[in-house]
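Shown next: upload-v3.cif, given as mmCIF, C-alpha atoms.
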```
data_model
loop_
_atom_site.label_atom_id
_atom_site.label_comp_id
_atom_site.auth_asym_id
_atom_site.auth_seq_id
_atom_site.Cartn_x
_atom_site.Cartn_y
_atom_site.Cartn_z
CA MET A 1 9.05 -2.23 -14.50
CA ASP A 2 9.66 -4.80 -11.76
CA VAL A 3 7.38 -7.81 -12.24
CA LEU A 4 7.15 -9.93 -9.07
CA TYR A 5 4.73 -12.59 -10.36
CA GLU A 6 2.71 -13.31 -13.48
CA ASP A 7 0.56 -16.03 -15.01
CA ASN A 8 -2.36 -16.15 -17.45
CA HIS A 9 -4.76 -14.51 -15.00
CA LEU A 10 -2.67 -12.25 -12.74
CA ILE A 11 0.31 -9.95 -12.72
CA ILE A 12 1.90 -8.49 -9.58
CA VAL A 13 4.37 -5.63 -9.88
CA ASN A 14 6.51 -3.49 -7.59
CA LYS A 15 5.19 0.07 -7.78
CA ARG A 16 7.73 2.84 -7.41
CA PRO A 17 6.89 5.83 -5.19
CA GLY A 18 5.59 8.66 -7.35
CA GLU A 19 3.74 6.43 -9.80
CA ILE A 20 -0.05 6.48 -9.97
CA VAL A 21 -1.82 3.13 -10.26
CA GLN A 22 -4.71 4.39 -12.38
CA GLY A 23 -5.19 7.50 -14.53
CA ASP A 24 -6.19 10.71 -12.78
CA LYS A 25 -6.56 14.43 -13.47
CA THR A 26 -2.78 14.94 -13.62
CA GLY A 27 -2.65 13.21 -17.00
CA ASP A 28 0.53 11.33 -15.97
CA GLN A 29 0.90 7.84 -17.40
CA PRO A 30 -0.42 5.38 -14.83
CA LEU A 31 1.19 2.11 -13.85
CA SER A 32 -1.79 0.27 -15.35
CA GLU A 33 -0.85 1.55 -18.82
CA THR A 34 2.80 0.63 -18.33
CA VAL A 35 1.74 -2.91 -17.39
CA LYS A 36 -0.54 -3.12 -20.43
CA GLN A 37 2.34 -2.12 -22.68
CA TYR A 38 4.59 -4.71 -21.04
CA ILE A 39 2.02 -7.47 -21.65
CA LYS A 40 1.45 -6.35 -25.24
CA GLU A 41 5.17 -6.47 -26.01
CA ALA A 42 6.08 -9.54 -23.95
CA TYR A 43 3.34 -11.69 -25.47
CA ALA A 44 3.06 -9.99 -28.89
CA LYS A 45 -0.63 -9.36 -28.32
CA PRO A 46 -2.50 -7.62 -31.15
CA GLY A 47 -5.09 -4.97 -30.39
CA SER A 48 -5.96 -3.72 -26.93
CA VAL A 49 -4.85 -5.55 -23.79
CA PHE A 50 -7.25 -6.26 -20.92
CA LEU A 51 -6.02 -5.27 -17.46
CA GLY A 52 -8.19 -4.96 -14.38
CA VAL A 53 -7.25 -2.62 -11.53
CA VAL A 54 -8.02 -4.50 -8.31
CA HIS A 55 -6.67 -2.07 -5.70
CA ARG A 56 -4.55 1.08 -5.45
CA LEU A 57 -1.68 2.57 -3.51
CA ASP A 58 -1.26 6.27 -2.73
CA ARG A 59 1.07 8.03 -5.16
CA PRO A 60 4.00 8.51 -2.70
CA VAL A 61 3.80 4.86 -1.54
CA GLY A 62 5.76 1.99 -3.09
CA GLY A 63 5.33 -1.77 -3.10
CA VAL A 64 3.16 -4.65 -4.23
CA VAL A 65 0.29 -4.01 -6.65
CA LEU A 66 -1.94 -6.79 -8.01
CA PHE A 67 -3.66 -6.56 -11.40
CA ALA A 68 -6.05 -8.96 -13.13
CA ARG A 69 -5.25 -10.11 -16.66
CA THR A 70 -8.68 -11.64 -17.31
CA SER A 71 -12.26 -10.57 -16.55
CA LYS A 72 -12.81 -13.84 -14.68
CA ALA A 73 -9.89 -13.09 -12.36
CA LEU A 74 -11.01 -9.47 -11.92
CA THR A 75 -14.52 -10.44 -10.80
CA ARG A 76 -13.23 -13.03 -8.36
CA LEU A 77 -10.46 -10.81 -6.97
CA ASN A 78 -12.93 -7.97 -6.40
CA ASP A 79 -15.14 -10.36 -4.43
CA MET A 80 -12.11 -11.60 -2.45
CA PHE A 81 -11.12 -8.04 -1.51
CA ARG A 82 -14.67 -7.32 -0.35
CA ARG A 83 -14.64 -10.45 1.83
CA GLY A 84 -11.18 -9.71 3.22
CA ASP A 85 -9.67 -12.84 1.65
CA ILE A 86 -6.65 -10.95 0.28
CA HIS A 87 -4.15 -10.04 2.98
CA LYS A 88 -1.70 -7.17 2.50
CA THR A 89 1.11 -6.35 4.91
CA TYR A 90 2.69 -2.91 5.06
CA TRP A 91 5.96 -1.66 6.54
CA ALA A 92 6.26 1.92 7.73
CA ILE A 93 9.14 3.99 9.07
CA VAL A 94 7.67 6.35 11.67
CA GLU A 95 9.08 9.06 13.88
CA ARG A 96 10.10 7.53 17.18
CA ASN A 97 7.72 8.01 20.08
CA GLN A 98 6.67 6.22 23.23
CA CYS A 99 4.30 3.52 22.04
CA PRO A 100 3.40 -0.08 22.87
CA PRO A 101 5.42 -2.72 20.98
CA CYS A 102 2.17 -3.83 19.37
CA ALA A 103 -1.35 -2.45 19.36
CA SER A 104 -4.71 -2.34 17.61
CA LEU A 105 -5.91 1.12 16.59
CA VAL A 106 -9.59 1.95 16.10
CA HIS A 107 -10.68 5.38 14.92
CA TRP A 108 -13.44 7.00 12.90
CA LEU A 109 -12.07 8.56 9.70
CA LYS A 110 -13.66 11.43 7.85
CA ARG A 111 -12.41 12.32 4.39
CA ASN A 112 -11.97 15.89 3.18
CA GLU A 113 -12.17 15.76 -0.61
CA GLN A 114 -10.87 19.29 -1.17
CA GLN A 115 -7.73 18.66 0.91
CA ASN A 116 -7.37 15.02 -0.22
CA LYS A 117 -6.88 14.19 3.42
CA SER A 118 -8.59 12.15 6.14
CA TYR A 119 -9.09 13.10 9.77
CA ALA A 120 -9.22 10.58 12.62
CA TYR A 121 -11.62 10.83 15.56
CA ASP A 122 -11.87 8.74 18.71
CA ARG A 123 -15.66 8.59 18.39
CA GLU A 124 -18.07 8.40 15.49
CA VAL A 125 -18.84 11.76 13.86
CA PRO A 126 -21.15 12.54 10.92
CA ASP A 127 -19.96 11.07 7.60
CA SER A 128 -17.11 9.13 9.26
CA LYS A 129 -16.19 5.49 8.73
CA ARG A 130 -14.76 3.03 11.22
CA ALA A 131 -11.08 2.24 10.66
CA GLU A 132 -9.04 -0.49 12.33
CA LEU A 133 -5.46 -1.68 11.97
CA ASP A 134 -2.89 -3.66 13.93
CA TYR A 135 0.78 -2.73 14.16
CA ARG A 136 3.91 -4.12 15.76
CA VAL A 137 7.39 -2.68 16.11
CA LEU A 138 9.91 -4.64 14.01
CA ALA A 139 13.04 -2.57 14.68
CA GLU A 140 14.17 0.55 16.52
CA GLY A 141 16.61 3.28 15.54
CA ASP A 142 17.74 6.42 17.31
CA ARG A 143 15.01 8.59 15.76
CA TYR A 144 12.75 6.19 13.91
CA LEU A 145 10.85 2.93 14.31
CA LEU A 146 10.07 0.30 11.67
CA LEU A 147 6.50 -0.95 12.00
CA GLU A 148 4.62 -3.83 10.41
CA VAL A 149 1.01 -2.84 9.76
CA ASN A 150 -1.99 -5.03 8.97
CA LEU A 151 -5.24 -3.39 7.90
CA LYS A 152 -8.60 -4.64 9.12
CA THR A 153 -10.47 -2.06 7.02
CA GLY A 154 -9.59 -0.16 3.86
CA ARG A 155 -10.11 3.58 4.25
CA HIS A 156 -8.69 6.62 2.47
CA HIS A 157 -5.12 7.27 3.75
CA GLN A 158 -5.92 4.97 6.66
CA ILE A 159 -2.41 3.96 7.75
CA ARG A 160 -1.05 7.47 7.34
CA CYS A 161 -3.92 9.06 9.23
CA GLN A 162 -4.23 6.58 12.10
CA LEU A 163 -0.50 6.40 12.84
CA ALA A 164 -0.28 10.19 12.84
CA LYS A 165 -3.23 10.34 15.24
CA VAL A 166 -1.29 8.35 17.87
CA GLY A 167 1.89 10.39 17.44
CA LEU A 168 3.66 8.14 14.92
CA PRO A 169 3.71 10.12 11.64
CA ILE A 170 5.30 8.33 8.71
CA ARG A 171 8.71 9.64 7.69
CA GLY A 172 8.39 12.12 4.83
CA ASP A 173 4.60 12.45 5.11
CA LEU A 174 4.22 16.22 5.50
CA LYS A 175 0.46 16.00 4.97
CA TYR A 176 0.14 14.00 8.18
CA GLY A 177 2.63 15.74 10.41
CA ALA A 178 6.13 14.57 9.45
CA ARG A 179 8.80 17.13 10.28
CA ARG A 180 10.50 17.04 6.88
CA SER A 181 9.98 15.57 3.43
CA ASN A 182 11.97 12.76 1.83
CA PRO A 183 14.36 13.94 -0.92
CA ASP A 184 12.52 11.96 -3.61
CA GLY A 185 9.04 13.07 -2.52
CA SER A 186 8.11 9.59 -1.29
CA ILE A 187 6.79 8.67 2.12
CA SER A 188 8.35 5.75 3.99
CA LEU A 189 5.39 3.43 3.64
CA LEU A 190 5.83 0.16 1.72
CA ALA A 191 3.23 -2.39 0.63
CA ARG A 192 5.58 -5.19 1.67
CA SER A 193 3.62 -8.33 0.79
CA ILE A 194 0.37 -9.80 -0.47
CA ASP A 195 -1.08 -13.20 0.43
CA PHE A 196 -4.12 -14.93 -1.08
CA VAL A 197 -5.47 -18.04 -2.76
CA HIS A 198 -5.31 -17.80 -6.55
CA PRO A 199 -8.86 -17.11 -7.83
CA VAL A 200 -8.56 -19.65 -10.67
CA SER A 201 -5.89 -22.25 -9.85
CA GLN A 202 -6.62 -22.17 -6.09
CA LYS A 203 -2.92 -22.33 -5.25
CA HIS A 204 -1.54 -20.24 -2.41
CA ILE A 205 0.24 -17.04 -3.53
CA HIS A 206 2.59 -15.10 -1.26
CA ILE A 207 4.63 -12.31 -2.83
CA GLU A 208 7.05 -9.92 -1.11
CA THR A 209 8.64 -6.83 -2.57
CA PRO A 210 12.30 -6.03 -1.79
CA VAL A 211 13.09 -3.53 0.94
CA PRO A 212 14.04 -0.19 -0.65
CA ASP A 213 17.76 0.26 -1.31
CA GLU A 214 17.95 3.39 0.83
CA GLY A 215 20.05 4.04 3.92
CA LEU A 216 17.46 4.17 6.70
CA TRP A 217 15.33 1.38 5.23
CA GLN A 218 18.36 -0.89 5.06
CA ALA A 219 19.65 0.10 8.52
CA LEU A 220 16.33 -0.68 10.20
CA PHE A 221 15.88 -3.85 8.13
CA GLN A 222 19.20 -5.13 9.50
CA ARG A 223 17.94 -4.54 13.06
CA ILE A 224 14.86 -6.76 12.76
CA LYS A 225 15.14 -9.44 15.43
#
```
In structure tokens, write the structure found in this file.
Amino acid sequence: MDVLYEDNHLIIVNKRPGEIVQGDKTGDQPLSETVKQYIKEAYAKPGSVFLGVVHRLDRPVGGVVLFARTSKALTRLNDMFRRGDIHKTYWAIVERNQCPPCASLVHWLKRNEQQNKSYAYDREVPDSKRAELDYRVLAEGDRYLLLEVNLKTGRHHQIRCQLAKVGLPIRGDLKYGARRSNPDGSISLLARSIDFVHPVSQKHIHIETPVPDEGLWQALFQRIK
């Protein structure tokens, strides 16, 4: 497990694609349990270990995940997420298309529970929720672009769905229109960084996860101007 930051109240780890953050019907061990075990062993803690899940990443997505180590931190972090005081930045490799170098996307997303998929509409439809994000092109390759994405809202599969809607499906994301899968089953979406004021100490926290050690990620990373 790759720990990016830890103190008495928080722990931030680098999630690998394919891991689940919290337990689900698959029965696979979630990242939350792996982190609990790490804390128990690292600090020789007897009994059960408290760990609060603050947010999640989709299973095929990698990158920064923040957990709370105390109930005080969990309550405050939950409030901060609701107020938009925690800022997460994502990087995405998308299939190359004609698009503005930067843009704000606004759609109405409707979730289909049976398909575990969201659909984007240009206008409000019944049971839809407003979704907004900003993106900018960081680097260009022959067939792919590297985008930086900042969410203004937090909807189910929001980045995947909205980018696909404007003709920029994420590499490897078959569910949202990619032409082929990635060999490891991941999609090329990375929770690159998280930025917030510590809920207890009040110090500024900015944590970045490394760029994946994979050919296209590294090639596009080298082209960032």
Across A:Gly23, A:Gly141, A:Gly47, A:Pro30, the smallest distance to Phe221 in chain A, with all atoms listed in the file counted, is shown by A:Gly141
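Closest to Asp7 in chain A among A:Thr34, A:Asn97, A:Gln222, A:Thr70 is A:Thr70, based on only C-alpha atoms.
Nearest-residue note for Lys129 in chain A: choosing from A:Arg180, A:His156, A:Arg143, A:Lys40, the minimum distance belongs to A:His156, counting all atoms listed in the file.
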Evaluate the PyMOL selection byres ((chain A and resi 19) around 12) and record the selected residues as a VMD selection string, following the chain and residue labels used in the document. chain A and resid 1 14 to 18 20 to 24 26 to 34 56 to 63 65 185 to 186
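Using only C-alpha atoms, the set of residues no farther than 12 Å from the position (16.7, 2.2, 19.5) comprises Glu95, Arg96, Asn97, Gln98, Val137, Leu138, Ala139, Glu140, Gly141, Asp142, Arg143, Tyr144, Leu145, Leu146, Ala219, Leu220, Arg223 and Ile224 of chain A.
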In the coordinates of the file, take the point (6.1, -1.3, 6.3) and a cut-off of 9 Å; then, counting only C-alpha atoms, name each qualifying protein, DNA or RNA residue as an NGL selection string. :A and (89-93 or 146-149 or 188-192)
Convert the current residue selection to file output with C-alpha atoms, as a short mmCIF file (atom, residue, chain, number, x, y, z; two decimals), in the frame of the given file.
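And here's again.cif as it stands now:
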```cif
data_model
loop_
_atom_site.label_atom_id
_atom_site.label_comp_id
_atom_site.auth_asym_id
_atom_site.auth_seq_id
_atom_site.Cartn_x
_atom_site.Cartn_y
_atom_site.Cartn_z
CA THR A 89 1.11 -6.35 4.91
CA TYR A 90 2.69 -2.91 5.06
CA TRP A 91 5.96 -1.66 6.54
CA ALA A 92 6.26 1.92 7.73
CA ILE A 93 9.14 3.99 9.07
CA LEU A 146 10.07 0.30 11.67
CA LEU A 147 6.50 -0.95 12.00
CA GLU A 148 4.62 -3.83 10.41
CA VAL A 149 1.01 -2.84 9.76
CA SER A 188 8.35 5.75 3.99
CA LEU A 189 5.39 3.43 3.64
CA LEU A 190 5.83 0.16 1.72
CA ALA A 191 3.23 -2.39 0.63
CA ARG A 192 5.58 -5.19 1.67
#
```
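Here the PyMOL selection byres ((chain A and resi 172) around 9) catches exactly these residues: Val94, Pro169, Ile170, Arg171, Asp173, Leu174, Lys175, Gly177, Ala178, Arg179, Arg180, Ser181, Asn182, Pro183, Gly185, Ser186, Ile187 and Ser188 of chain A.
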Env of Leu105 in chain A: 8 Å cut, atoms = only C-alpha atoms, seq-sep filter 5 positions within chain, self excluded. Answer as a ChimeraX atom specification. /A:131-134,162
Produce a file of the selected residues containing C-alpha atoms, as a short mmCIF file (atom, residue, chain, number, x, y, z; two decimals), in the coordinates of the input.
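Once written, out_0.cif looks like this:
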```cif
data_model
loop_
_atom_site.label_atom_id
_atom_site.label_comp_id
_atom_site.auth_asym_id
_atom_site.auth_seq_id
_atom_site.Cartn_x
_atom_site.Cartn_y
_atom_site.Cartn_z
CA ALA A 131 -11.08 2.24 10.66
CA GLU A 132 -9.04 -0.49 12.33
CA LEU A 133 -5.46 -1.68 11.97
CA ASP A 134 -2.89 -3.66 13.93
CA GLN A 162 -4.23 6.58 12.10
#
```
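For the structure in this document, the set picked by the PyMOL selection byres ((chain A and resi 195-199) around 10) is His9, Leu10, Lys72, Ala73, Leu74, Thr75, Arg76, Leu77, Asp79, Met80, Phe81, Gly84, Asp85, Ile86, His87, Lys88, Thr89, Ser193, Ile194, Val200, Ser201, Gln202, Lys203, His204, Ile205, His206, Ile207 and Glu208 of chain A.
Of the listed residues (A:Lys165, A:Glu41, A:Arg69, A:Asn150), A:Lys165 comes nearest to His107 in chain A; the distances count only C-alpha atoms.
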Computed interatomic separation between CA of Leu151 in chain A and CA of Val106 in chain A (Å): 10.7 Å
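Shortest atom-to-atom contact with Asp184 in chain A among A:Asp122, A:Asp127, A:Asp2, A:Glu214: A:Glu214, counting all atoms listed in the file.
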d(CA of Asn78 in chain A, CA of Ile12 in chain A) in Å: 15.2 Å
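In this comparison, which uses only C-alpha atoms, the residue of A:Phe67, A:Asn8, A:Arg136, A:Leu163 approaching Tyr43 in chain A most closely is A:Asn8.
The gap separating CA of Val13 in chain A from CA of Phe50 in chain A is 16.0 Å, in Å to one decimal.
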Do you know which residues are at most 12 Å from Asn112 in chain A counting all atoms listed in the file, after dropping those on the same chain fewer than 5 positions away, and could you put them as a short mmCIF file (atom, residue, chain, number, x, y, z; two decimals) with C-alpha atoms, keeping the file's coordinate frame?
```
data_model
loop_
_atom_site.label_atom_id
_atom_site.label_comp_id
_atom_site.auth_asym_id
_atom_site.auth_seq_id
_atom_site.Cartn_x
_atom_site.Cartn_y
_atom_site.Cartn_z
CA LYS A 117 -6.88 14.19 3.42
CA SER A 118 -8.59 12.15 6.14
CA TYR A 119 -9.09 13.10 9.77
CA ALA A 120 -9.22 10.58 12.62
CA ASP A 127 -19.96 11.07 7.60
CA SER A 128 -17.11 9.13 9.26
CA HIS A 156 -8.69 6.62 2.47
CA HIS A 157 -5.12 7.27 3.75
#
```
Identify, on the basis of only C-alpha atoms, every residue whose closest approach to Lys36 in chain A does not exceed 9 Å; exclude the query and any residue fewer than 6 positions from it along the same chain; express the result as a PDB file with C-alpha atoms, in the frame of the given file.
```
ATOM      1  CA  SER A  48      -5.960  -3.720 -26.930  1.00  0.00           C
ATOM      2  CA  VAL A  49      -4.850  -5.550 -23.790  1.00  0.00           C
ATOM      3  CA  PHE A  50      -7.250  -6.260 -20.920  1.00  0.00           C
ATOM      4  CA  LEU A  51      -6.020  -5.270 -17.460  1.00  0.00           C
TER       5      LEU A  51
END
```
